[in-house]
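**Q** So I've got this file, input-v7.cif, and it contains mmCIF, C-alpha atoms:
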data_model
#
loop_
_atom_site.group_PDB
_atom_site.id
_atom_site.type_symbol
_atom_site.label_atom_id
_atom_site.label_comp_id
_atom_site.auth_asym_id
_atom_site.auth_seq_id
_atom_site.Cartn_x
_atom_site.Cartn_y
_atom_site.Cartn_z
ATOM 1 C CA MET A 1 0.000 0.000 0.000
ATOM 2 C CA SER A 2 1.233 3.475 -0.753
ATOM 3 C CA GLU A 3 1.679 5.854 2.128
ATOM 4 C CA PRO A 4 1.529 9.638 1.904
ATOM 5 C CA ALA A 5 4.900 11.394 1.918
ATOM 6 C CA ALA A 6 4.341 12.667 5.448
ATOM 7 C CA GLU A 7 4.404 9.090 6.777
ATOM 8 C CA ILE A 8 7.938 8.460 5.533
ATOM 9 C CA ALA A 9 10.766 9.234 7.946
ATOM 10 C CA HIS A 10 13.242 11.653 6.387
ATOM 11 C CA GLN A 11 16.105 9.140 6.149
ATOM 12 C CA PHE A 12 14.142 6.976 3.701
ATOM 13 C CA ALA A 13 13.625 7.592 -0.003
ATOM 14 C CA ASP A 14 10.192 5.969 -0.161
ATOM 15 C CA ALA A 15 7.673 3.868 1.727
ATOM 16 C CA GLY A 16 9.013 0.619 0.281
ATOM 17 C CA GLN A 17 12.527 1.321 1.516
ATOM 18 C CA GLN A 18 11.178 2.279 4.949
ATOM 19 C CA ARG A 19 9.193 -0.956 5.190
ATOM 20 C CA ASP A 20 12.108 -3.109 3.990
ATOM 21 C CA ALA A 21 14.449 -1.536 6.554
ATOM 22 C CA ALA A 22 11.964 -2.238 9.350
ATOM 23 C CA THR A 23 11.476 -5.835 8.222
ATOM 24 C CA PHE A 24 15.236 -6.386 7.940
ATOM 25 C CA GLY A 25 15.686 -5.025 11.463
ATOM 26 C CA MET A 26 13.019 -7.348 12.830
ATOM 27 C CA TRP A 27 14.638 -10.403 11.245
ATOM 28 C CA ILE A 28 18.013 -9.417 12.739
ATOM 29 C CA PHE A 29 16.339 -9.165 16.137
ATOM 30 C CA LEU A 30 14.827 -12.628 15.597
ATOM 31 C CA CYS A 31 18.347 -13.918 14.790
ATOM 32 C CA THR A 32 19.527 -12.785 18.201
ATOM 33 C CA GLU A 33 16.516 -14.549 19.685
ATOM 34 C CA VAL A 34 17.403 -17.732 17.784
ATOM 35 C CA LEU A 35 20.833 -17.628 19.419
ATOM 36 C CA LEU A 36 19.387 -16.865 22.869
ATOM 37 C CA PHE A 37 17.063 -19.861 22.743
ATOM 38 C CA GLY A 38 19.641 -21.826 20.736
ATOM 39 C CA ALA A 39 22.087 -21.746 23.640
ATOM 40 C CA LEU A 40 19.428 -23.248 25.899
ATOM 41 C CA PHE A 41 18.558 -25.920 23.320
ATOM 42 C CA LEU A 42 22.278 -26.691 23.146
ATOM 43 C CA GLY A 43 22.382 -27.041 26.937
ATOM 44 C CA TYR A 44 19.447 -29.423 26.733
ATOM 45 C CA THR A 45 21.232 -31.467 24.039
ATOM 46 C CA VAL A 46 24.430 -31.801 26.066
ATOM 47 C CA TYR A 47 22.673 -32.790 29.314
ATOM 48 C CA ARG A 48 20.311 -35.157 27.555
ATOM 49 C CA LEU A 49 23.170 -36.952 25.780
ATOM 50 C CA GLN A 50 24.880 -37.293 29.157
ATOM 51 C CA ASN A 51 21.749 -38.466 31.040
ATOM 52 C CA PRO A 52 19.542 -40.218 28.467
ATOM 53 C CA GLU A 53 17.646 -42.477 30.909
ATOM 54 C CA ALA A 54 17.057 -39.747 33.481
ATOM 55 C CA PHE A 55 15.643 -37.430 30.803
ATOM 56 C CA ASP A 56 13.318 -40.180 29.532
ATOM 57 C CA GLU A 57 12.082 -40.790 33.045
ATOM 58 C CA ALA A 58 11.686 -37.107 33.901
ATOM 59 C CA ALA A 59 9.903 -36.205 30.659
ATOM 60 C CA ALA A 60 7.261 -38.856 31.317
ATOM 61 C CA HIS A 61 6.176 -36.693 34.288
ATOM 62 C CA THR A 62 5.276 -33.604 32.230
ATOM 63 C CA LEU A 63 1.608 -33.085 31.398
ATOM 64 C CA ILE A 64 1.290 -34.170 27.768
ATOM 65 C CA VAL A 65 -2.372 -33.121 27.477
ATOM 66 C CA ALA A 66 -1.619 -29.601 28.709
ATOM 67 C CA GLY A 67 1.399 -29.412 26.386
ATOM 68 C CA SER A 68 -0.617 -30.563 23.366
ATOM 69 C CA ILE A 69 -3.458 -28.125 24.107
ATOM 70 C CA ASN A 70 -0.905 -25.334 24.377
ATOM 71 C CA THR A 71 0.631 -26.313 21.037
ATOM 72 C CA ALA A 72 -2.783 -26.143 19.367
ATOM 73 C CA ILE A 73 -3.531 -22.810 21.086
ATOM 74 C CA LEU A 74 -0.326 -21.221 19.779
ATOM 75 C CA LEU A 75 -0.822 -22.584 16.253
ATOM 76 C CA VAL A 76 -4.359 -21.149 16.044
ATOM 77 C CA SER A 77 -3.121 -17.899 17.555
ATOM 78 C CA SER A 78 -0.366 -17.673 14.931
ATOM 79 C CA PHE A 79 -2.948 -18.300 12.228
ATOM 80 C CA CYS A 80 -5.101 -15.406 13.543
ATOM 81 C CA VAL A 81 -2.109 -13.078 13.388
ATOM 82 C CA ALA A 82 -1.171 -14.207 9.865
ATOM 83 C CA VAL A 83 -4.705 -13.407 8.661
ATOM 84 C CA ALA A 84 -4.684 -10.103 10.591
ATOM 85 C CA VAL A 85 -1.452 -9.033 8.845
ATOM 86 C CA HIS A 86 -3.049 -9.775 5.496
ATOM 87 C CA LEU A 87 -6.240 -7.854 6.344
ATOM 88 C CA ALA A 88 -4.211 -4.923 7.716
ATOM 89 C CA GLU A 89 -2.741 -4.487 4.246
ATOM 90 C CA GLN A 90 -6.283 -4.237 2.903
ATOM 91 C CA GLY A 91 -7.264 -1.708 5.571
ATOM 92 C CA ASP A 92 -9.953 -3.868 7.222
ATOM 93 C CA ARG A 93 -9.323 -2.374 10.681
ATOM 94 C CA LEU A 94 -12.258 -3.856 12.580
ATOM 95 C CA ARG A 95 -11.344 -7.422 11.695
ATOM 96 C CA VAL A 96 -7.649 -6.746 12.272
ATOM 97 C CA THR A 97 -8.479 -5.608 15.810
ATOM 98 C CA LEU A 98 -10.714 -8.603 16.366
ATOM 99 C CA LEU A 99 -8.078 -11.082 15.152
ATOM 100 C CA LEU A 100 -5.205 -9.484 17.064
ATOM 101 C CA CYS A 101 -7.238 -9.475 20.274
ATOM 102 C CA THR A 102 -8.276 -13.100 19.705
ATOM 103 C CA ALA A 103 -4.621 -14.025 19.215
ATOM 104 C CA ALA A 104 -3.709 -12.158 22.421
ATOM 105 C CA LEU A 105 -6.508 -13.908 24.300
ATOM 106 C CA LEU A 106 -5.216 -17.286 23.094
ATOM 107 C CA GLY A 107 -1.770 -16.242 24.291
ATOM 108 C CA ALA A 108 -3.231 -15.486 27.715
ATOM 109 C CA LEU A 109 -4.946 -18.876 27.700
ATOM 110 C CA PHE A 110 -1.568 -20.469 26.920
ATOM 111 C CA LEU A 111 -0.109 -18.737 29.978
ATOM 112 C CA ALA A 112 -3.003 -19.925 32.146
ATOM 113 C CA VAL A 113 -2.388 -23.560 31.113
ATOM 114 C CA LYS A 114 1.329 -23.016 31.740
ATOM 115 C CA ALA A 115 0.603 -21.650 35.232
ATOM 116 C CA TYR A 116 -1.536 -24.709 35.976
ATOM 117 C CA GLU A 117 1.328 -26.954 34.840
ATOM 118 C CA TYR A 118 3.926 -25.118 36.934
ATOM 119 C CA ASN A 119 1.673 -25.329 39.971
ATOM 120 C CA HIS A 120 1.240 -29.050 39.386
ATOM 121 C CA LYS A 121 4.972 -29.640 38.984
ATOM 122 C CA ILE A 122 5.879 -27.574 42.048
ATOM 123 C CA HIS A 123 3.346 -29.472 44.180
ATOM 124 C CA GLU A 124 4.814 -32.769 42.977
ATOM 125 C CA GLY A 125 8.227 -31.594 44.193
ATOM 126 C CA PHE A 126 9.835 -31.175 40.767
ATOM 127 C CA PHE A 127 10.917 -27.560 41.208
ATOM 128 C CA PRO A 128 14.747 -27.665 41.321
ATOM 129 C CA GLY A 129 16.465 -26.580 44.522
ATOM 130 C CA HIS A 130 15.841 -27.286 48.202
ATOM 131 C CA SER A 131 12.301 -28.558 47.738
ATOM 132 C CA PHE A 132 13.191 -30.942 44.895
ATOM 133 C CA HIS A 133 12.601 -34.573 45.684
ATOM 134 C CA PHE A 134 12.524 -37.559 43.371
ATOM 135 C CA ALA A 135 12.458 -41.134 44.637
ATOM 136 C CA GLY A 136 14.035 -42.762 41.545
ATOM 137 C CA ALA A 137 17.646 -43.698 40.986
ATOM 138 C CA ASP A 138 19.007 -40.845 38.902
ATOM 139 C CA SER A 139 17.629 -37.878 40.785
ATOM 140 C CA ARG A 140 20.437 -35.482 39.693
ATOM 141 C CA GLY A 141 19.653 -36.091 36.017
ATOM 142 C CA VAL A 142 15.925 -35.689 36.628
ATOM 143 C CA GLU A 143 16.551 -32.432 38.477
ATOM 144 C CA MET A 144 18.657 -31.181 35.540
ATOM 145 C CA PHE A 145 15.765 -31.934 33.205
ATOM 146 C CA PHE A 146 13.492 -29.786 35.347
ATOM 147 C CA VAL A 147 16.082 -26.991 35.584
ATOM 148 C CA LEU A 148 15.954 -26.874 31.783
ATOM 149 C CA TYR A 149 12.176 -27.324 31.743
ATOM 150 C CA PHE A 150 11.541 -24.332 34.007
ATOM 151 C CA THR A 151 14.239 -22.168 32.395
ATOM 152 C CA MET A 152 13.279 -22.809 28.780
ATOM 153 C CA THR A 153 9.499 -22.821 29.126
ATOM 154 C CA GLY A 154 9.809 -19.882 31.554
ATOM 155 C CA LEU A 155 11.805 -17.790 29.078
ATOM 156 C CA HIS A 156 9.328 -18.790 26.389
ATOM 157 C CA ALA A 157 6.382 -17.840 28.630
ATOM 158 C CA LEU A 158 7.985 -14.429 29.160
ATOM 159 C CA HIS A 159 8.065 -14.021 25.374
ATOM 160 C CA VAL A 160 4.420 -15.052 25.173
ATOM 161 C CA ALA A 161 3.510 -12.496 27.869
ATOM 162 C CA ILE A 162 5.325 -9.736 25.944
ATOM 163 C CA GLY A 163 3.578 -10.893 22.762
ATOM 164 C CA VAL A 164 0.163 -10.730 24.439
ATOM 165 C CA ALA A 165 0.870 -7.131 25.483
ATOM 166 C CA VAL A 166 2.150 -6.169 22.008
ATOM 167 C CA LEU A 167 -0.762 -7.793 20.143
ATOM 168 C CA THR A 168 -3.345 -6.233 22.468
ATOM 169 C CA GLY A 169 -1.623 -2.855 22.126
ATOM 170 C CA TYR A 170 -1.669 -2.935 18.320
ATOM 171 C CA GLY A 171 -5.182 -4.404 18.271
ATOM 172 C CA VAL A 172 -6.466 -1.381 20.178
ATOM 173 C CA ALA A 173 -4.200 1.050 18.308
ATOM 174 C CA VAL A 174 -5.462 -0.103 14.878
ATOM 175 C CA LEU A 175 -9.053 0.520 15.965
ATOM 176 C CA LEU A 176 -8.400 3.943 17.492
ATOM 177 C CA ALA A 177 -5.748 5.282 15.112
ATOM 178 C CA GLN A 178 -6.709 8.191 12.904
ATOM 179 C CA ARG A 179 -4.465 6.846 10.174
ATOM 180 C CA PRO A 180 -4.342 3.055 10.648
ATOM 181 C CA ALA A 181 -2.263 2.659 7.472
ATOM 182 C CA ARG A 182 0.682 3.910 9.527
ATOM 183 C CA LEU A 183 0.434 0.763 11.638
ATOM 184 C CA THR A 184 0.508 -1.770 8.782
ATOM 185 C CA THR A 185 4.253 -2.388 9.042
ATOM 186 C CA ALA A 186 4.126 -2.477 12.847
ATOM 187 C CA VAL A 187 1.390 -5.142 12.778
ATOM 188 C CA ASP A 188 3.448 -7.126 10.265
ATOM 189 C CA LEU A 189 6.523 -7.002 12.534
ATOM 190 C CA ALA A 190 4.545 -7.893 15.663
ATOM 191 C CA GLY A 191 3.273 -10.869 13.655
ATOM 192 C CA LEU A 192 6.823 -11.985 12.824
ATOM 193 C CA TYR A 193 7.668 -11.909 16.530
ATOM 194 C CA TRP A 194 4.557 -13.901 17.430
ATOM 195 C CA HIS A 195 5.288 -16.562 14.796
ATOM 196 C CA PHE A 196 8.831 -16.842 16.115
ATOM 197 C CA VAL A 197 7.483 -17.476 19.629
ATOM 198 C CA ASP A 198 5.277 -20.171 18.097
ATOM 199 C CA ILE A 199 8.288 -21.806 16.388
ATOM 200 C CA VAL A 200 10.228 -21.935 19.664
ATOM 201 C CA TRP A 201 7.298 -23.767 21.245
ATOM 202 C CA VAL A 202 7.131 -26.184 18.293
ATOM 203 C CA PHE A 203 10.615 -27.374 19.326
ATOM 204 C CA LEU A 204 10.106 -27.169 23.097
ATOM 205 C CA PHE A 205 7.015 -29.365 22.874
ATOM 206 C CA PRO A 206 8.665 -32.592 21.597
ATOM 207 C CA LEU A 207 11.742 -32.172 23.807
ATOM 208 C CA PHE A 208 9.845 -31.734 27.069
ATOM 209 C CA TYR A 209 6.546 -33.542 26.514
ATOM 210 C CA LEU A 210 7.013 -36.286 23.945
ATOM 211 C CA VAL A 211 10.175 -37.881 25.330
ATOM 212 C CA GLY A 212 9.862 -41.092 27.329
ATOM 213 C CA ARG A 213 6.300 -41.917 26.254
ATOM 214 C CA ALA A 214 7.062 -45.000 24.169
ATOM 215 C CA PRO A 215 6.392 -48.395 25.778
ATOM 216 C CA MET B 216 -4.500 -19.285 -4.024
ATOM 217 C CA THR B 217 -5.616 -16.366 -1.884
ATOM 218 C CA SER B 218 -3.626 -15.506 1.205
ATOM 219 C CA THR B 219 -6.399 -16.477 3.628
ATOM 220 C CA ARG B 220 -6.855 -19.880 1.991
ATOM 221 C CA LYS B 221 -3.121 -20.462 2.103
ATOM 222 C CA ASN B 222 -3.073 -19.622 5.816
ATOM 223 C CA THR B 223 -6.058 -21.871 6.523
ATOM 224 C CA LEU B 224 -4.456 -24.752 4.667
ATOM 225 C CA ALA B 225 -1.228 -24.221 6.612
ATOM 226 C CA LEU B 226 -3.158 -24.320 9.900
ATOM 227 C CA VAL B 227 -4.888 -27.583 8.898
ATOM 228 C CA VAL B 228 -1.554 -29.187 7.989
ATOM 229 C CA LEU B 229 0.023 -27.913 11.230
ATOM 230 C CA MET B 230 -2.778 -29.499 13.265
ATOM 231 C CA ILE B 231 -2.391 -32.782 11.378
ATOM 232 C CA LEU B 232 1.352 -32.694 12.109
ATOM 233 C CA LEU B 233 0.560 -32.123 15.792
ATOM 234 C CA GLY B 234 -1.620 -35.253 15.723
ATOM 235 C CA VAL B 235 1.084 -37.235 13.898
ATOM 236 C CA THR B 236 3.803 -36.249 16.359
ATOM 237 C CA LEU B 237 1.577 -37.181 19.320
ATOM 238 C CA GLU B 238 0.823 -40.550 17.751
ATOM 239 C CA ALA B 239 4.512 -41.137 16.986
ATOM 240 C CA ALA B 240 5.459 -40.373 20.611
ATOM 241 C CA TYR B 241 3.692 -43.544 21.750
ATOM 242 C CA LEU B 242 5.154 -45.789 19.038
ATOM 243 C CA ASP B 243 8.163 -47.903 19.821
ATOM 244 C CA LEU B 244 10.671 -46.208 17.532
ATOM 245 C CA GLY B 245 13.729 -46.847 19.706
ATOM 246 C CA VAL B 246 16.567 -44.395 19.067
ATOM 247 C CA LEU B 247 14.657 -42.801 16.198
ATOM 248 C CA HIS B 248 12.153 -41.366 18.635
ATOM 249 C CA THR B 249 13.626 -37.900 19.112
ATOM 250 C CA PRO B 250 14.887 -37.528 15.503
ATOM 251 C CA ALA B 251 11.347 -38.297 14.271
ATOM 252 C CA ALA B 252 9.790 -35.785 16.670
ATOM 253 C CA MET B 253 12.331 -33.111 15.719
ATOM 254 C CA LEU B 254 11.787 -33.770 12.013
ATOM 255 C CA ILE B 255 8.047 -33.195 12.434
ATOM 256 C CA GLY B 256 8.874 -30.083 14.480
ATOM 257 C CA LEU B 257 11.108 -28.907 11.638
ATOM 258 C CA ALA B 258 8.291 -29.462 9.124
ATOM 259 C CA LYS B 259 5.992 -27.335 11.300
ATOM 260 C CA ALA B 260 8.639 -24.605 11.590
ATOM 261 C CA VAL B 261 9.174 -24.556 7.808
ATOM 262 C CA LEU B 262 5.419 -24.134 7.260
ATOM 263 C CA ILE B 263 5.262 -21.289 9.780
ATOM 264 C CA VAL B 264 8.289 -19.529 8.283
ATOM 265 C CA LEU B 265 7.156 -19.864 4.655
ATOM 266 C CA ILE B 266 3.402 -19.317 5.005
ATOM 267 C CA PHE B 267 2.754 -17.342 8.205
ATOM 268 C CA MET B 268 5.984 -15.320 8.194
ATOM 269 C CA ARG B 269 6.039 -15.043 4.397
ATOM 270 C CA LEU B 270 9.783 -15.540 4.036
ATOM 271 C CA ARG B 271 10.570 -15.120 0.363
ATOM 272 C CA PRO B 272 13.869 -16.126 -1.257
ATOM 273 C CA SER B 273 13.461 -13.086 -3.519
ATOM 274 C CA GLU B 274 14.202 -10.710 -0.631
ATOM 275 C CA PRO B 275 17.987 -10.882 -0.278
ATOM 276 C CA LEU B 276 18.331 -8.856 2.940
ATOM 277 C CA VAL B 277 15.768 -10.883 4.852
ATOM 278 C CA MET B 278 17.235 -14.139 3.529
ATOM 279 C CA LEU B 279 20.679 -12.933 4.629
ATOM 280 C CA ALA B 280 19.454 -12.285 8.189
ATOM 281 C CA PHE B 281 17.576 -15.586 8.270
ATOM 282 C CA THR B 282 20.456 -17.747 7.010
ATOM 283 C CA ALA B 283 22.973 -15.878 9.195
ATOM 284 C CA GLY B 284 20.896 -16.812 12.259
ATOM 285 C CA LEU B 285 20.855 -20.485 11.296
ATOM 286 C CA PHE B 286 24.541 -20.446 10.365
ATOM 287 C CA TRP B 287 25.592 -19.024 13.733
ATOM 288 C CA LEU B 288 23.364 -21.569 15.462
ATOM 289 C CA LEU B 289 25.167 -24.291 13.518
ATOM 290 C CA ILE B 290 28.579 -22.949 14.599
ATOM 291 C CA MET B 291 27.466 -22.879 18.250
ATOM 292 C CA PHE B 292 26.194 -26.458 18.159
ATOM 293 C CA THR B 293 29.099 -27.890 16.130
ATOM 294 C CA LEU B 294 31.899 -26.397 18.215
ATOM 295 C CA THR B 295 30.280 -27.091 21.585
ATOM 296 C CA LEU B 296 29.233 -30.662 20.835
ATOM 297 C CA GLY B 297 32.573 -31.268 19.121
ATOM 298 C CA ASP B 298 34.260 -30.285 22.364
ATOM 299 C CA TYR B 299 31.993 -32.199 24.772
ATOM 300 C CA PHE B 300 32.107 -35.479 22.897
ATOM 301 C CA THR B 301 35.791 -35.632 22.029
ATOM 302 C CA ARG B 302 36.979 -35.212 25.636
ATOM 303 C CA SER B 303 38.731 -38.211 27.044
#
Please render this file's structure as structure tokens.
**A**
Amino acid sequence: MSEPAAEIAHQFADAGQQRDAATFGMWIFLCTEVLLFGALFLGYTVYRLQNPEAFDEAAAHTLIVAGSINTAILLVSSFCVAVAVHLAEQGDRLRVTLLLCTAALLGALFLAVKAYEYNHKIHEGFFPGHSFHFAGADSRGVEMFFVLYFTMTGLHALHVAIGVAVLTGYGVAVLLAQRPARLTTAVDLAGLYWHFVDIVWVFLFPLFYLVGRAP
Amino acid sequence: MTSTRKNTLALVVLMILLGVTLEAAYLDLGVLHTPAAMLIGLAKAVLIVLIFMRLRPSEPLVMLAFTAGLFWLLIMFTLTLGDYFTRS
């Protein structure tokens, strides 16, 4: 969509260049996020290769139903945002707001399920530290699994919480803005972030919930 | 195909993949268990990147950022695992 000259910051030649620069910047930010989460995935890999049995045993204690529901929630939420980005380009502000708020609501639901899971795990004594207790043989390995579980899903949940705030913010902003076309790129970039958060979960899910289920 | 139909189709396939990966978790695949789960995860990620995030090979700057991220990830994994598993 073409934007009036007033909407283009003075360092850019045209709207296309401005949009491309913003998109490029967002992808670079996502790269740094890949490396942030990547380091944790690497930690998981190293500890799992060193304690394969303990990780199998520990993973069987995570709530697979809650994890699966959360995967579905994030996938639907990502879909809503993808459609919202498309509609934002067509200037359909009411539906953009509706979809962004739905996506944010699904994100909040994800966090609620996560909170339930954490509560469950803490009550079962799986929270690492003084209160950790596990009757099985390899309790150090099991504890390491739960260190990674709480760290990685916790960092991911923080990203979801930020995403919920960002999506809600833009959902409201698109509805109230006098010139919603100004927000098209911002909605697109918020979408990229939200999809990235979804991708991280796509890899967390098998590593923490699907391990150790086979007979 | 319109954008909305493409997105809907992607969502349907993603949900099917979720079902497949759940089913596979309970199969006796032995050592192939985690590779299979990660492969399905990778398929989901590719769908999200290509359809939802609209990554296009025709945009060189975005492709540069994207591949740089993966390349650095590869360096981190290769060097670290190379160290951990060659120690005596």
**Q** Pick the closest to Ser218 in chain B from A:Leu176, A:Met152, A:Ala82, A:Ala108: which is it, counting only C-alpha atoms?
**A**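 Among the listed residues, the smallest separation from Ser218 in chain B belongs to A:Ala82.
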**Q** Using all atoms listed in the file, which residues of range 52-99 of chain A come within 9 Å of range 266-286 of chain B, and what is the closest atom pair for each, with the distance in Å to one decimal? Give it as CSV, sorted by chain and residue number.
**A**
residue,atom,partner,partner_atom,distance
A:Ser78,CA,B:Phe267,CA,7.4
A:Phe79,CA,B:Phe267,CA,7.0
A:Val81,CA,B:Phe267,CA,8.3
A:Ala82,CA,B:Phe267,CA,5.3
A:Val83,CA,B:Phe267,CA,8.4
**Q** Show which residues sit within 12 Å of Arg140 in chain A, as an MDAnalysis selection string. Count all atoms listed in the file, and ignore same-chain residues fewer than 4 positions away.
**A** chainID A and resid 47 50:51 53:55 57:58 126 128:129 132:136 144:147
**Q** In Å to one decimal, how far is CA of Ala103 in chain A from CA of Leu155 in chain A?
**A** 19.5 Å
**Q** Can I get the residues of chain A within 8 Å of chain B, each with the closest pair of atoms and their distance in Å to one decimal, using all atoms listed in the file, sorted chain first then ascending number, as a tab-separated table?
**A**
residue	atom	partner	partner_atom	distance
A:Thr23	CA	B:Val277	CA	7.4
A:Phe24	CA	B:Val277	CA	5.5
A:Trp27	CA	B:Ala280	CA	6.0
A:Ile28	CA	B:Ala280	CA	5.6
A:Cys31	CA	B:Gly284	CA	4.6
A:Thr32	CA	B:Gly284	CA	7.3
A:Val34	CA	B:Gly284	CA	6.6
A:Leu35	CA	B:Leu288	CA	6.1
A:Gly38	CA	B:Leu288	CA	6.5
A:Ala39	CA	B:Met291	CA	7.7
A:Leu42	CA	B:Phe292	CA	6.3
A:Val46	CA	B:Leu296	CA	7.2
A:Ser68	CA	B:Leu233	CA	7.8
A:Thr71	CA	B:Leu233	CA	7.8
A:Ala72	CA	B:Met230	CA	7.0
A:Leu75	CA	B:Leu226	CA	7.0
A:Val76	CA	B:Leu226	CA	7.0
A:Ser78	CA	B:Phe267	CA	7.4
A:Phe79	CA	B:Leu226	CA	6.5
A:Ala82	CA	B:Phe267	CA	5.3
A:Val83	CA	B:Thr219	CA	6.1
A:His86	CA	B:Ser218	CA	7.2
A:Gly191	CA	B:Met268	CA	7.5
A:Leu192	CA	B:Met268	CA	5.8
A:His195	CA	B:Met268	CA	6.8
A:Ile199	CA	B:Ala260	CA	5.6
A:Val202	CA	B:Gly256	CA	5.7
A:Phe203	CA	B:Gly256	CA	5.8
A:Pro206	CA	B:Ala252	CA	6.0
A:Leu207	CA	B:Thr249	CA	7.6
A:Leu210	CA	B:Ala240	CA	5.5
A:Val211	CA	B:Thr249	CA	7.1
A:Arg213	CA	B:Tyr241	CA	5.5
A:Ala214	CA	B:Tyr241	CA	4.4
A:Pro215	CA	B:Asp243	CA	6.2
**Q** Starting from the shown file, work through the PyMOL selection byres ((chain A and resi 113) around 12) and note down what comes out as a PDB file with C-alpha atoms, in the frame of the given file.
**A**
ATOM      1  CA  LEU A  63       1.608 -33.085  31.398  1.00  0.00           C
ATOM      2  CA  ILE A  64       1.290 -34.170  27.768  1.00  0.00           C
ATOM      3  CA  VAL A  65      -2.372 -33.121  27.477  1.00  0.00           C
ATOM      4  CA  ALA A  66      -1.619 -29.601  28.709  1.00  0.00           C
ATOM      5  CA  GLY A  67       1.399 -29.412  26.386  1.00  0.00           C
ATOM      6  CA  SER A  68      -0.617 -30.563  23.366  1.00  0.00           C
ATOM      7  CA  ILE A  69      -3.458 -28.125  24.107  1.00  0.00           C
ATOM      8  CA  ASN A  70      -0.905 -25.334  24.377  1.00  0.00           C
ATOM      9  CA  THR A  71       0.631 -26.313  21.037  1.00  0.00           C
ATOM     10  CA  ILE A  73      -3.531 -22.810  21.086  1.00  0.00           C
ATOM     11  CA  LEU A  74      -0.326 -21.221  19.779  1.00  0.00           C
ATOM     12  CA  LEU A 106      -5.216 -17.286  23.094  1.00  0.00           C
ATOM     13  CA  GLY A 107      -1.770 -16.242  24.291  1.00  0.00           C
ATOM     14  CA  ALA A 108      -3.231 -15.486  27.715  1.00  0.00           C
ATOM     15  CA  LEU A 109      -4.946 -18.876  27.700  1.00  0.00           C
ATOM     16  CA  PHE A 110      -1.568 -20.469  26.920  1.00  0.00           C
ATOM     17  CA  LEU A 111      -0.109 -18.737  29.978  1.00  0.00           C
ATOM     18  CA  ALA A 112      -3.003 -19.925  32.146  1.00  0.00           C
ATOM     19  CA  LYS A 114       1.329 -23.016  31.740  1.00  0.00           C
ATOM     20  CA  ALA A 115       0.603 -21.650  35.232  1.00  0.00           C
ATOM     21  CA  TYR A 116      -1.536 -24.709  35.976  1.00  0.00           C
ATOM     22  CA  GLU A 117       1.328 -26.954  34.840  1.00  0.00           C
ATOM     23  CA  TYR A 118       3.926 -25.118  36.934  1.00  0.00           C
ATOM     24  CA  ASN A 119       1.673 -25.329  39.971  1.00  0.00           C
ATOM     25  CA  HIS A 120       1.240 -29.050  39.386  1.00  0.00           C
ATOM     26  CA  ALA A 157       6.382 -17.840  28.630  1.00  0.00           C
TER      27      ALA A 157
END
**Q** Starting from the incomplete input, reconstruct N, CA and C atoms of range 229-240 of chain B and report them as a PDB file, in the coordinates of the input.
**A**
ATOM      1  N   LEU B 229      -0.673 -28.000   9.935  1.00  0.00           N
ATOM      2  CA  LEU B 229       0.023 -27.913  11.230  1.00  0.00           C
ATOM      3  C   LEU B 229      -0.689 -28.757  12.293  1.00  0.00           C
ATOM      4  N   MET B 230      -2.009 -28.721  12.287  1.00  0.00           N
ATOM      5  CA  MET B 230      -2.778 -29.499  13.265  1.00  0.00           C
ATOM      6  C   MET B 230      -2.617 -31.002  13.011  1.00  0.00           C
ATOM      7  N   ILE B 231      -2.607 -31.370  11.715  1.00  0.00           N
ATOM      8  CA  ILE B 231      -2.391 -32.782  11.378  1.00  0.00           C
ATOM      9  C   ILE B 231      -1.019 -33.219  11.879  1.00  0.00           C
ATOM     10  N   LEU B 232      -0.005 -32.361  11.658  1.00  0.00           N
ATOM     11  CA  LEU B 232       1.352 -32.694  12.109  1.00  0.00           C
ATOM     12  C   LEU B 232       1.403 -32.831  13.631  1.00  0.00           C
ATOM     13  N   LEU B 233       0.622 -32.002  14.331  1.00  0.00           N
ATOM     14  CA  LEU B 233       0.560 -32.123  15.792  1.00  0.00           C
ATOM     15  C   LEU B 233       0.013 -33.499  16.176  1.00  0.00           C
ATOM     16  N   GLY B 234      -1.047 -33.926  15.480  1.00  0.00           N
ATOM     17  CA  GLY B 234      -1.620 -35.253  15.723  1.00  0.00           C
ATOM     18  C   GLY B 234      -0.605 -36.358  15.435  1.00  0.00           C
ATOM     19  N   VAL B 235       0.105 -36.218  14.299  1.00  0.00           N
ATOM     20  CA  VAL B 235       1.084 -37.235  13.898  1.00  0.00           C
ATOM     21  C   VAL B 235       2.197 -37.357  14.949  1.00  0.00           C
ATOM     22  N   THR B 236       2.689 -36.222  15.413  1.00  0.00           N
ATOM     23  CA  THR B 236       3.803 -36.249  16.359  1.00  0.00           C
ATOM     24  C   THR B 236       3.366 -36.838  17.701  1.00  0.00           C
ATOM     25  N   LEU B 237       2.107 -36.589  18.082  1.00  0.00           N
ATOM     26  CA  LEU B 237       1.577 -37.181  19.320  1.00  0.00           C
ATOM     27  C   LEU B 237       1.480 -38.692  19.184  1.00  0.00           C
ATOM     28  N   GLU B 238       0.959 -39.119  18.037  1.00  0.00           N
ATOM     29  CA  GLU B 238       0.823 -40.550  17.751  1.00  0.00           C
ATOM     30  C   GLU B 238       2.206 -41.211  17.771  1.00  0.00           C
ATOM     31  N   ALA B 239       3.165 -40.575  17.099  1.00  0.00           N
ATOM     32  CA  ALA B 239       4.512 -41.137  16.986  1.00  0.00           C
ATOM     33  C   ALA B 239       5.192 -41.255  18.348  1.00  0.00           C
ATOM     34  N   ALA B 240       4.820 -40.354  19.287  1.00  0.00           N
ATOM     35  CA  ALA B 240       5.459 -40.373  20.611  1.00  0.00           C
ATOM     36  C   ALA B 240       5.192 -41.689  21.340  1.00  0.00           C
TER      37      ALA B 240
END
